[in-house]
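Structure file query32.cif with mmCIF, C-alpha atoms:
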data_start
#
loop_
_atom_site.label_atom_id
_atom_site.label_comp_id
_atom_site.auth_asym_id
_atom_site.auth_seq_id
_atom_site.Cartn_x
_atom_site.Cartn_y
_atom_site.Cartn_z
CA MET A 275 0.00 0.00 0.00
CA LYS A 276 1.37 3.39 -0.98
CA THR A 277 1.68 5.84 1.90
CA ALA A 278 2.34 9.56 2.06
CA LEU A 279 5.88 8.77 3.15
CA THR A 280 6.49 6.35 0.30
CA THR A 281 5.33 8.83 -2.29
CA ALA A 282 7.29 11.79 -1.00
CA ILE A 283 10.49 9.80 -0.62
CA THR A 284 10.31 8.43 -4.15
CA THR A 285 9.08 11.58 -5.91
CA GLY A 286 11.80 13.80 -7.28
CA MET A 287 14.64 12.06 -5.42
CA THR A 288 17.49 9.93 -6.70
CA THR A 289 19.25 9.27 -3.39
CA LEU A 290 16.47 7.51 -1.50
CA VAL A 291 14.53 4.39 -2.38
CA ALA A 292 10.88 3.62 -1.76
CA LEU A 293 9.66 3.07 1.77
CA GLY A 294 9.36 -0.64 1.30
CA ALA A 295 13.08 -0.82 0.55
CA ILE A 296 14.09 1.25 3.56
CA SER A 297 13.55 -1.59 5.99
CA LEU A 298 15.82 -4.59 6.05
CA SER A 299 14.68 -8.20 6.12
CA ALA A 300 16.41 -8.79 9.44
CA PRO A 301 14.52 -7.91 12.62
CA ALA A 302 15.26 -4.55 14.22
CA SER A 303 18.03 -4.66 16.77
CA ALA A 304 17.51 -1.13 18.05
CA GLU A 305 15.10 1.76 17.90
CA ILE A 306 15.36 5.30 16.66
CA ARG A 307 14.25 7.74 19.33
CA LEU A 308 12.49 10.76 17.82
CA GLY A 309 11.19 13.67 19.88
CA ALA A 310 8.45 16.18 19.16
CA SER A 311 6.93 19.15 20.98
CA VAL A 312 3.96 20.85 19.34
CA SER A 313 1.06 23.05 20.43
CA ALA A 314 -1.71 20.46 20.13
CA THR A 315 -3.90 22.41 22.56
CA GLY A 316 -4.19 26.06 23.53
CA PRO A 317 -4.38 29.15 21.31
CA ALA A 318 -2.13 27.62 18.64
CA ALA A 319 -3.96 24.29 18.49
CA PHE A 320 -5.01 24.98 14.90
CA LEU A 321 -1.29 24.62 14.15
CA GLY A 322 -0.27 21.90 16.56
CA ASP A 323 -3.23 19.53 16.35
CA PRO A 324 -2.72 18.60 12.66
CA GLU A 325 1.05 18.58 13.23
CA ALA A 326 0.78 16.06 16.07
CA LYS A 327 -1.63 13.87 14.12
CA THR A 328 0.60 13.94 11.05
CA ILE A 329 3.73 12.93 12.95
CA GLU A 330 1.91 10.08 14.71
CA MET A 331 0.43 8.88 11.41
CA LEU A 332 3.78 8.85 9.61
CA VAL A 333 5.57 7.10 12.47
CA GLU A 334 2.87 4.44 12.39
CA GLN A 335 3.19 4.08 8.62
CA ILE A 336 6.95 3.71 8.60
CA ASN A 337 6.98 1.28 11.52
CA GLU A 338 4.32 -0.88 9.88
CA ALA A 339 6.58 -1.03 6.81
CA GLY A 340 9.53 -2.23 8.90
CA GLY A 341 11.13 0.99 10.07
CA ILE A 342 14.28 2.68 8.79
CA ASN A 343 17.19 0.38 8.00
CA GLY A 344 15.48 -2.26 10.12
CA GLU A 345 14.98 0.00 13.14
CA LYS A 346 11.56 1.10 14.35
CA ILE A 347 10.94 4.69 15.41
CA LYS A 348 9.97 5.31 19.02
CA LEU A 349 8.16 8.64 19.20
CA PHE A 350 8.16 10.88 22.27
CA LEU A 351 5.49 13.51 21.64
CA TYR A 352 4.64 16.37 24.01
CA ASP A 353 1.98 19.07 23.91
CA ASP A 354 3.46 22.42 24.98
CA GLY A 355 0.13 24.25 24.63
CA GLY A 356 1.91 27.14 22.89
CA ASP A 357 3.85 28.00 26.05
CA PRO A 358 7.56 28.72 25.36
CA ASN A 359 8.51 27.76 28.92
CA LYS A 360 6.83 24.38 28.57
CA ALA A 361 8.45 23.91 25.18
CA ARG A 362 11.89 24.45 26.72
CA THR A 363 11.08 22.04 29.55
CA PHE A 364 9.90 19.37 27.12
CA ALA A 365 12.92 19.86 24.86
CA THR A 366 15.18 19.31 27.86
CA ARG A 367 13.20 16.23 28.84
CA LEU A 368 13.42 14.87 25.32
CA VAL A 369 17.18 15.15 25.37
CA GLU A 370 18.03 14.22 28.95
CA ASP A 371 15.32 11.69 29.87
CA ASP A 372 14.02 10.32 26.58
CA GLU A 373 17.46 10.40 24.94
CA VAL A 374 16.16 11.33 21.49
CA THR A 375 18.55 11.91 18.61
CA ALA A 376 16.36 14.45 16.77
CA ILE A 377 13.43 16.78 17.44
CA ILE A 378 10.53 18.05 15.34
CA GLY A 379 8.24 20.80 16.59
CA GLY A 380 7.90 24.37 17.62
CA SER A 381 4.44 25.15 16.23
CA THR A 382 4.98 28.85 16.95
CA THR A 383 7.97 31.15 16.75
CA GLY A 384 7.99 31.52 20.53
CA THR A 385 8.07 27.81 21.27
CA THR A 386 10.58 27.23 18.49
CA MET A 387 13.05 29.73 19.93
CA SER A 388 12.83 27.95 23.29
CA ILE A 389 13.56 24.58 21.70
CA ILE A 390 16.43 26.06 19.71
CA SER A 391 18.32 26.95 22.87
CA VAL A 392 18.26 23.30 23.95
CA ALA A 393 18.95 21.85 20.50
CA GLU A 394 22.00 24.03 20.00
CA ASP A 395 23.39 23.46 23.49
CA GLU A 396 22.98 19.68 23.16
CA SER A 397 23.85 19.40 19.43
CA ILE A 398 20.51 17.76 18.59
CA PRO A 399 19.15 18.25 15.05
CA PHE A 400 15.86 20.15 15.18
CA ILE A 401 13.35 20.91 12.43
CA SER A 402 11.00 23.77 13.29
CA LEU A 403 7.43 24.10 12.04
CA ALA A 404 7.25 27.89 12.56
CA GLY A 405 7.60 30.74 10.11
CA ALA A 406 9.80 33.55 11.41
CA ILE A 407 13.03 34.21 9.57
CA GLN A 408 15.12 34.44 12.75
CA ILE A 409 14.73 30.68 13.17
CA ILE A 410 17.22 30.04 10.38
CA ASP A 411 18.83 33.45 9.89
CA PRO A 412 21.53 33.45 11.02
CA VAL A 413 22.13 29.80 10.25
CA ARG A 414 22.56 27.64 13.34
CA ALA A 415 24.36 24.32 13.09
CA ASN A 416 21.49 22.10 14.25
CA VAL A 417 18.37 24.08 13.31
CA PHE A 418 16.32 23.65 10.13
CA LYS A 419 12.71 24.49 9.27
CA THR A 420 10.00 23.59 6.77
CA PRO A 421 7.69 26.63 6.37
CA HIS A 422 8.62 29.54 4.16
CA THR A 423 9.94 32.53 6.09
CA ASP A 424 7.86 35.59 6.83
CA ARG A 425 10.28 37.62 4.68
CA MET A 426 9.51 35.37 1.72
CA ALA A 427 5.78 35.80 2.38
CA CYS A 428 6.22 39.58 2.28
CA ALA A 429 8.06 39.31 -1.03
CA LYS A 430 5.38 37.07 -2.56
CA ILE A 431 2.61 39.42 -1.43
CA PHE A 432 4.39 42.58 -2.59
CA THR A 433 5.10 41.02 -5.99
CA ASP A 434 1.41 40.29 -6.43
CA MET A 435 0.41 43.75 -5.20
CA ALA A 436 2.77 45.49 -7.60
CA ALA A 437 1.47 43.41 -10.50
CA ARG A 438 -2.03 44.71 -9.67
CA GLY A 439 -0.86 48.30 -9.39
CA LEU A 440 -1.31 48.36 -5.60
CA THR A 441 1.73 50.23 -4.32
CA ARG A 442 0.42 52.23 -1.33
CA ILE A 443 -0.80 50.10 1.55
CA GLY A 444 -1.90 50.02 5.16
CA MET A 445 -0.68 47.32 7.53
CA ILE A 446 -2.39 45.90 10.61
CA SER A 447 -0.18 43.38 12.38
CA GLY A 448 -0.40 41.09 15.37
CA THR A 449 2.00 41.80 18.21
CA ASP A 450 2.75 38.10 18.78
CA GLY A 451 6.16 36.76 17.74
CA PHE A 452 5.09 35.83 14.23
CA GLY A 453 3.13 39.02 13.56
CA ALA A 454 5.85 41.31 14.87
CA SER A 455 8.53 39.49 12.90
CA MET A 456 6.60 39.60 9.63
CA GLN A 457 5.70 43.25 10.17
CA ALA A 458 9.41 44.07 10.50
CA GLN A 459 10.36 41.97 7.48
CA CYS A 460 7.69 43.57 5.30
CA HIS A 461 8.88 47.04 6.28
CA ASP A 462 12.44 46.01 5.50
CA ILE A 463 11.76 44.98 1.90
CA ALA A 464 8.77 47.16 0.96
CA ALA A 465 10.78 49.82 -0.85
CA GLU A 466 12.66 47.35 -3.03
CA HIS A 467 9.28 46.12 -4.30
CA GLY A 468 7.99 49.64 -4.88
CA ILE A 469 5.58 49.45 -1.94
CA GLU A 470 4.92 52.38 0.40
CA VAL A 471 3.39 51.73 3.83
CA LEU A 472 1.13 54.72 4.56
CA ALA A 473 -0.55 53.37 7.70
CA ASP A 474 0.76 50.94 10.30
CA GLU A 475 -1.50 49.58 13.05
CA THR A 476 -1.21 46.67 15.50
CA TYR A 477 -3.42 44.51 17.74
CA GLY A 478 -2.80 42.17 20.66
CA PRO A 479 -3.32 38.39 20.67
CA GLN A 480 -6.43 38.68 22.85
CA ASP A 481 -8.02 41.66 21.08
CA ALA A 482 -11.54 40.96 19.83
CA ASP A 483 -12.26 44.12 17.83
CA MET A 484 -9.99 45.78 15.27
CA THR A 485 -12.47 48.31 13.89
CA PRO A 486 -10.60 51.37 15.29
CA GLN A 487 -7.36 50.36 13.58
CA LEU A 488 -9.11 49.46 10.32
CA THR A 489 -11.03 52.74 10.36
CA LYS A 490 -7.74 54.65 10.66
CA ILE A 491 -6.28 52.73 7.73
CA ALA A 492 -9.38 53.27 5.59
CA LYS A 493 -9.27 57.02 6.29
CA THR A 494 -5.59 57.31 5.40
CA GLU A 495 -5.39 59.12 2.07
CA GLY A 496 -3.94 57.07 -0.75
CA VAL A 497 -4.17 53.58 0.76
CA GLN A 498 -4.93 51.04 -1.97
CA ALA A 499 -4.77 47.73 -0.08
CA ILE A 500 -4.47 46.25 3.41
CA LEU A 501 -1.91 43.69 4.59
CA ASN A 502 -2.42 41.73 7.81
CA PRO A 503 0.70 39.93 9.09
CA GLY A 504 -0.54 37.59 11.80
CA PHE A 505 -1.90 34.17 12.75
CA GLY A 506 -4.53 32.75 15.05
CA GLN A 507 -7.91 34.42 15.58
CA GLY A 508 -6.66 37.97 14.91
CA PRO A 509 -6.64 37.79 11.10
CA ALA A 510 -10.16 36.30 11.09
CA ILE A 511 -11.38 39.21 13.24
CA VAL A 512 -9.64 41.69 10.93
CA THR A 513 -11.35 40.07 7.96
CA ARG A 514 -14.80 40.16 9.58
CA ASN A 515 -14.37 43.73 10.85
CA LYS A 516 -13.26 44.95 7.42
CA ALA A 517 -16.41 43.48 5.88
CA GLN A 518 -18.60 44.93 8.66
CA LEU A 519 -17.12 48.39 8.05
CA GLY A 520 -17.70 48.08 4.32
CA ILE A 521 -14.07 48.86 3.50
CA ASP A 522 -13.66 48.32 -0.23
CA LEU A 523 -9.93 47.60 -0.38
CA PRO A 524 -8.12 44.38 -1.31
CA LEU A 525 -7.05 42.42 1.78
CA TYR A 526 -3.93 40.28 1.98
CA GLN A 527 -3.26 37.81 4.77
CA SER A 528 -0.11 35.87 5.69
CA HIS A 529 0.72 32.22 5.16
CA GLY A 530 0.12 31.91 8.92
CA VAL A 531 -3.62 31.49 8.26
CA ALA A 532 -3.44 29.27 5.18
CA SER A 533 -6.09 26.73 6.18
CA ASP A 534 -9.78 26.02 5.80
CA GLY A 535 -10.10 26.89 9.48
CA PHE A 536 -9.38 30.53 8.68
CA ILE A 537 -12.20 30.66 6.13
CA LYS A 538 -14.60 29.09 8.62
CA LEU A 539 -13.57 31.45 11.42
CA ALA A 540 -13.69 34.58 9.28
CA GLY A 541 -16.83 33.57 7.39
CA ALA A 542 -16.83 32.72 3.69
CA GLU A 543 -18.64 35.91 2.71
CA ALA A 544 -16.26 38.18 4.59
CA ALA A 545 -13.21 36.24 3.34
CA GLU A 546 -14.23 36.34 -0.32
CA GLY A 547 -11.39 37.76 -2.41
CA VAL A 548 -8.76 37.60 0.35
CA ARG A 549 -5.33 36.73 -1.04
CA LEU A 550 -2.40 35.08 0.67
CA PRO A 551 0.70 33.05 -0.15
CA GLY A 552 0.14 29.36 0.48
CA THR A 553 1.24 25.88 -0.50
CA ALA A 554 0.20 23.38 -3.13
CA LEU A 555 -1.51 21.32 -0.42
CA LEU A 556 -4.46 23.73 -0.26
CA ILE A 557 -5.15 23.33 -3.98
CA ALA A 558 -4.27 19.66 -4.34
CA ASP A 559 -7.51 18.92 -6.19
CA ILE A 560 -6.83 21.45 -8.94
CA LEU A 561 -3.10 20.95 -9.47
CA PRO A 562 -2.29 19.93 -13.06
CA ASP A 563 -1.04 16.39 -13.58
CA GLY A 564 2.43 17.61 -14.49
CA ASP A 565 2.94 19.51 -11.25
CA PRO A 566 5.93 17.98 -9.40
CA GLN A 567 4.13 18.19 -6.05
CA LYS A 568 0.81 16.74 -7.14
CA GLU A 569 1.45 13.12 -6.16
CA VAL A 570 3.01 14.03 -2.82
CA VAL A 571 0.28 16.41 -1.71
CA THR A 572 -2.53 14.18 -2.99
CA THR A 573 -1.18 11.12 -1.20
CA TYR A 574 -0.69 12.95 2.10
CA LYS A 575 -4.11 14.61 1.84
CA THR A 576 -5.83 11.30 1.14
CA ALA A 577 -4.10 9.47 3.99
CA PHE A 578 -4.64 12.21 6.58
CA GLU A 579 -8.28 12.85 5.75
CA ALA A 580 -9.11 9.15 5.70
CA LYS A 581 -7.46 8.54 9.07
CA PHE A 582 -8.70 11.59 10.99
CA ASP A 583 -11.88 12.59 9.13
CA GLN A 584 -10.77 16.21 8.94
CA LYS A 585 -9.34 18.33 6.16
CA VAL A 586 -5.62 18.73 5.79
CA SER A 587 -4.04 22.06 6.55
CA THR A 588 -0.82 23.77 5.54
CA PHE A 589 0.42 23.26 9.10
CA GLY A 590 0.06 19.49 9.03
CA GLY A 591 1.94 19.68 5.75
CA TYR A 592 4.85 21.37 7.51
CA ALA A 593 5.04 18.42 9.91
CA ASN A 594 4.74 15.97 7.04
CA ASP A 595 7.74 17.56 5.34
CA ALA A 596 9.76 17.71 8.58
CA PHE A 597 9.22 13.99 9.13
CA LEU A 598 10.13 13.15 5.53
CA LEU A 599 13.33 15.15 5.87
CA MET A 600 14.20 13.37 9.12
CA ALA A 601 13.42 9.93 7.65
CA ASN A 602 15.57 10.68 4.63
CA ALA A 603 18.45 11.85 6.82
CA MET A 604 18.18 8.79 9.07
CA LYS A 605 18.14 6.47 6.07
CA THR A 606 21.10 8.04 4.31
CA GLY A 607 23.22 9.22 7.24
CA GLY A 608 22.44 6.99 10.19
CA ALA A 609 20.46 7.37 13.40
CA ASP A 610 22.85 9.26 15.68
CA ALA A 611 22.44 13.01 16.13
CA GLU A 612 25.55 14.17 14.27
CA ALA A 613 24.89 11.86 11.33
CA ILE A 614 21.29 13.06 11.05
CA ARG A 615 22.38 16.71 11.17
CA ASN A 616 24.97 16.18 8.46
CA ALA A 617 22.55 14.26 6.26
CA LEU A 618 19.88 16.94 6.68
CA GLU A 619 22.30 19.62 5.52
CA ALA A 620 23.15 17.49 2.47
CA THR A 621 19.48 17.02 1.48
CA ALA A 622 18.83 17.86 -2.18
CA GLY A 623 15.64 17.67 -4.20
CA LEU A 624 13.26 16.27 -1.59
CA VAL A 625 9.71 16.99 -2.76
CA GLY A 626 7.32 17.83 0.07
CA THR A 627 3.88 19.37 0.41
CA THR A 628 5.42 22.83 0.94
CA GLY A 629 8.00 22.72 -1.85
CA THR A 630 11.18 21.00 -2.96
CA TYR A 631 13.90 21.15 -0.30
CA SER A 632 17.61 21.53 -0.97
CA PHE A 633 19.62 22.47 2.12
CA SER A 634 23.22 23.61 2.32
CA ALA A 635 25.68 24.86 4.91
CA THR A 636 24.38 28.38 4.32
CA ASP A 637 20.68 27.57 3.84
CA HIS A 638 18.69 25.60 6.42
CA LEU A 639 15.32 26.36 4.82
CA GLY A 640 16.01 24.99 1.37
CA LEU A 641 13.06 26.63 -0.40
CA ASP A 642 12.82 29.51 -2.83
CA LEU A 643 9.93 31.85 -3.64
CA SER A 644 8.63 29.58 -6.41
CA ALA A 645 7.41 27.11 -3.76
CA PHE A 646 4.78 29.66 -2.68
CA ARG A 647 1.47 29.79 -4.57
CA MET A 648 -0.54 33.02 -4.50
CA LEU A 649 -4.00 31.89 -3.46
CA GLU A 650 -7.38 33.60 -3.36
CA ILE A 651 -10.49 32.65 -1.42
CA ARG A 652 -13.42 32.16 -3.80
CA ASP A 653 -16.86 30.79 -2.97
CA GLY A 654 -15.64 29.53 0.39
CA GLY A 655 -12.65 27.65 -0.99
CA TRP A 656 -9.13 28.06 -2.34
CA ALA A 657 -8.19 28.99 -5.90
CA LEU A 658 -5.04 30.12 -7.66
CA ALA A 659 -5.01 33.90 -7.86
CA GLU A 660 -5.15 35.16 -11.41
#
Rewrite the coordinates I just gave you, this time as structure tokens.
Amino acid sequence: MKTALTTAITTGMTTLVALGAISLSAPASAEIRLGASVSATGPAAFLGDPEAKTIEMLVEQINEAGGINGEKIKLFLYDDGGDPNKARTFATRLVEDDEVTAIIGGSTTGTTMSIISVAEDESIPFISLAGAIQIIDPVRANVFKTPHTDRMACAKIFTDMAARGLTRIGMISGTDGFGASMQAQCHDIAAEHGIEVLADETYGPQDADMTPQLTKIAKTEGVQAILNPGFGQGPAIVTRNKAQLGIDLPLYQSHGVASDGFIKLAGAEAAEGVRLPGTALLIADILPDGDPQKEVVTTYKTAFEAKFDQKVSTFGGYANDAFLLMANAMKTGGADAEAIRNALEATAGLVGTTGTYSFSATDHLGLDLSAFRMLEIRDGGWALAE
């Protein structure tokens, strides 16, 4: 039976064989200890819940097929609830008590940065599932990540804006780690894309009404579009409030809300026409047959939705790709921490749901801007922006 892991490993790669060939005929003599800390509950559960489910599903798949090089994976999975302090505690536990040789996790920028401190101190390879650029810039020896950076999201959005003749904008950003980071990155590259930020507003993670900020933006002379760097409930409230105020300006959101859950929370009518950079996973059903990611995203989507009876999200896709990268590194490099780290850095051409990854000593993201798709919400669903 073909699994999401089988497909992704075999698609677009010449250095790794199919999943069935990963396991040896001899019984496993050891186990590979893999750690994970995600935000399966709490305010970031929309990120961590599909991530946790994806990791558990893929571990089950690979173990049922015989493991990696004859060794089964033993998963140690913790729910940090989005709390950076808990994430640091769990990362320490994973290393000291559970004796893992690699970690996946960090649903948010805050929890990721806490895990990084442990991973670097203990020389444990870590793949983050969060978006902020500071996770991999500057490059740290043991830290990699699967989502595009917030800086890349800004560039994708500004490119689309400029193509539509939208060069003067208002921003309304979340003050959480992700929102603040993307706000700063967008400011940093706006001018090089010909974009002028005329209004700049913020909101807190617990704020439930953004009409004052949106009213200020709408009344700012010359504003042609609105950009909302943020994730969680904030962007959905911004979207609803904009519609309630009758503001007739294009609205762009970040890749931090690229899921069906955002449409449901914001309301399909209010979200109509919203654009954001996303991944091929959200438009799996309309990808052309020749698209290099079609088989990978379709296989993962089918397996996840059949097992959990819920739609896939971009965030589960980040975990899918992190696990594929780890499995590839363990197969090709070995199961100890240093070998996994070195094999991760040597990864080339691994096709995932987010894009095709090629790491190097100076690039621990391994994606370029072409991996992003500019998406638009139409009739309550996702479509490629024209």
task: Check what the PyMOL selection byres ((chain A and resi 423-430) around 7) selects in the file above and give those residues as an MDAnalysis selection string.
output: chainID A and resid 405:407 421:422 431:434 456 459:460 528:529 551 643
Next, the residues of the selection above should be written as an mmCIF file, in the coordinates of the input with C-alpha atoms.
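Output file again-v5.cif is given in full below:
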data_model
loop_
_atom_site.group_PDB
_atom_site.id
_atom_site.type_symbol
_atom_site.label_atom_id
_atom_site.label_comp_id
_atom_site.auth_asym_id
_atom_site.auth_seq_id
_atom_site.Cartn_x
_atom_site.Cartn_y
_atom_site.Cartn_z
ATOM 1 C CA GLY A 405 7.600 30.740 10.110
ATOM 2 C CA ALA A 406 9.800 33.550 11.410
ATOM 3 C CA ILE A 407 13.030 34.210 9.570
ATOM 4 C CA PRO A 421 7.690 26.630 6.370
ATOM 5 C CA HIS A 422 8.620 29.540 4.160
ATOM 6 C CA ILE A 431 2.610 39.420 -1.430
ATOM 7 C CA PHE A 432 4.390 42.580 -2.590
ATOM 8 C CA THR A 433 5.100 41.020 -5.990
ATOM 9 C CA ASP A 434 1.410 40.290 -6.430
ATOM 10 C CA MET A 456 6.600 39.600 9.630
ATOM 11 C CA GLN A 459 10.360 41.970 7.480
ATOM 12 C CA CYS A 460 7.690 43.570 5.300
ATOM 13 C CA SER A 528 -0.110 35.870 5.690
ATOM 14 C CA HIS A 529 0.720 32.220 5.160
ATOM 15 C CA PRO A 551 0.700 33.050 -0.150
ATOM 16 C CA LEU A 643 9.930 31.850 -3.640
#
task: Using the chain letters and numbering of this document, enumerate as a ChimeraX atom specification the residues selected by the PyMOL selection byres ((chain A and resi 534) around 8).
output: /A:532-533,535-538,585,587,655
Write out, as a compact mmCIF listing (two decimals), keeping the file's coordinate frame, the residues just selected, with C-alpha atoms.
# COMPACT_ATOMS: atom_id res chain seq x y z
CA ALA A 532 -3.44 29.27 5.18
CA SER A 533 -6.09 26.73 6.18
CA GLY A 535 -10.10 26.89 9.48
CA PHE A 536 -9.38 30.53 8.68
CA ILE A 537 -12.20 30.66 6.13
CA LYS A 538 -14.60 29.09 8.62
CA LYS A 585 -9.34 18.33 6.16
CA SER A 587 -4.04 22.06 6.55
CA GLY A 655 -12.65 27.65 -0.99
- request: Pull out every residue that the PyMOL selection byres ((chain A and resi 461) around 12) matches in the shown coordinates and put them as a PyMOL selection string.
  value: chain A and resi 424-425+428-429+432+443-445+447+454-460+462-474+501+503
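Here CA of Pro562 in chain A is placed at a distance of 16.2 Å from CA of Thr628 in chain A.
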- prompt: Quick one, how far is CA of Gly451 in chain A from CA of Gly384 in chain A?
  reply: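 If I compute the distance from CA of Gly451 in chain A to CA of Gly384 in chain A, I get 6.2 Å.
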message: Residues within 12 Å of Ile329 in chain A, please, as a ChimeraX atom specification. Count only C-alpha atoms; anything in the same chain fewer than 3 positions from it doesn't count.
response: /A:278-279,308-312,314,322-326,332-336,347-352,377-379,403,574,578,589-598,600-601
Writing out the chosen residues with C-alpha atoms as an mmCIF file, in the frame of the given file:
data_model
loop_
_atom_site.group_PDB
_atom_site.id
_atom_site.type_symbol
_atom_site.label_atom_id
_atom_site.label_comp_id
_atom_site.auth_asym_id
_atom_site.auth_seq_id
_atom_site.Cartn_x
_atom_site.Cartn_y
_atom_site.Cartn_z
ATOM 1 C CA ALA A 278 2.340 9.560 2.060
ATOM 2 C CA LEU A 279 5.880 8.770 3.150
ATOM 3 C CA LEU A 308 12.490 10.760 17.820
ATOM 4 C CA GLY A 309 11.190 13.670 19.880
ATOM 5 C CA ALA A 310 8.450 16.180 19.160
ATOM 6 C CA SER A 311 6.930 19.150 20.980
ATOM 7 C CA VAL A 312 3.960 20.850 19.340
ATOM 8 C CA ALA A 314 -1.710 20.460 20.130
ATOM 9 C CA GLY A 322 -0.270 21.900 16.560
ATOM 10 C CA ASP A 323 -3.230 19.530 16.350
ATOM 11 C CA PRO A 324 -2.720 18.600 12.660
ATOM 12 C CA GLU A 325 1.050 18.580 13.230
ATOM 13 C CA ALA A 326 0.780 16.060 16.070
ATOM 14 C CA LEU A 332 3.780 8.850 9.610
ATOM 15 C CA VAL A 333 5.570 7.100 12.470
ATOM 16 C CA GLU A 334 2.870 4.440 12.390
ATOM 17 C CA GLN A 335 3.190 4.080 8.620
ATOM 18 C CA ILE A 336 6.950 3.710 8.600
ATOM 19 C CA ILE A 347 10.940 4.690 15.410
ATOM 20 C CA LYS A 348 9.970 5.310 19.020
ATOM 21 C CA LEU A 349 8.160 8.640 19.200
ATOM 22 C CA PHE A 350 8.160 10.880 22.270
ATOM 23 C CA LEU A 351 5.490 13.510 21.640
ATOM 24 C CA TYR A 352 4.640 16.370 24.010
ATOM 25 C CA ILE A 377 13.430 16.780 17.440
ATOM 26 C CA ILE A 378 10.530 18.050 15.340
ATOM 27 C CA GLY A 379 8.240 20.800 16.590
ATOM 28 C CA LEU A 403 7.430 24.100 12.040
ATOM 29 C CA TYR A 574 -0.690 12.950 2.100
ATOM 30 C CA PHE A 578 -4.640 12.210 6.580
ATOM 31 C CA PHE A 589 0.420 23.260 9.100
ATOM 32 C CA GLY A 590 0.060 19.490 9.030
ATOM 33 C CA GLY A 591 1.940 19.680 5.750
ATOM 34 C CA TYR A 592 4.850 21.370 7.510
ATOM 35 C CA ALA A 593 5.040 18.420 9.910
ATOM 36 C CA ASN A 594 4.740 15.970 7.040
ATOM 37 C CA ASP A 595 7.740 17.560 5.340
ATOM 38 C CA ALA A 596 9.760 17.710 8.580
ATOM 39 C CA PHE A 597 9.220 13.990 9.130
ATOM 40 C CA LEU A 598 10.130 13.150 5.530
ATOM 41 C CA MET A 600 14.200 13.370 9.120
ATOM 42 C CA ALA A 601 13.420 9.930 7.650
#
task: Could you jot down the CA of Thr366 in chain A to CA of Gly626 in chain A separation for me, Å, one decimal place?
output: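 One can read the CA of Thr366 in chain A to CA of Gly626 in chain A distance as 28.9 Å.
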query: Looking at A:Gly640, A:Pro524, A:Gly654, A:Gly341, which one is nearest to Arg438 in chain A, with distances taken over all atoms listed in the file?
result: A:Pro524
message: Between A:Val497, A:Gly344, A:Arg367, A:Tyr631, which residue has the minimum interatomic distance to Ile521 in chain A, considering only C-alpha atoms?
response: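 Between A:Val497, A:Gly344, A:Arg367, A:Tyr631, the residue approaching Ile521 in chain A most closely is A:Val497.
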message: Env of Ile557 in chain A: 12 Å cut, atoms = all atoms listed in the file, seq-sep filter 6 positions within chain, self excluded. Answer as a list of chain:residue names.
response: A:Ala532, A:Ser533, A:Asp534, A:Pro551, A:Asp565, A:Gln567, A:Lys568, A:Val571, A:Thr572, A:Lys575, A:Val586, A:Ser587, A:Thr588, A:Thr627, A:Thr628, A:Phe646, A:Arg647, A:Met648, A:Leu649, A:Glu650, A:Ile651, A:Gly655, A:Trp656, A:Ala657, A:Leu658, A:Ala659
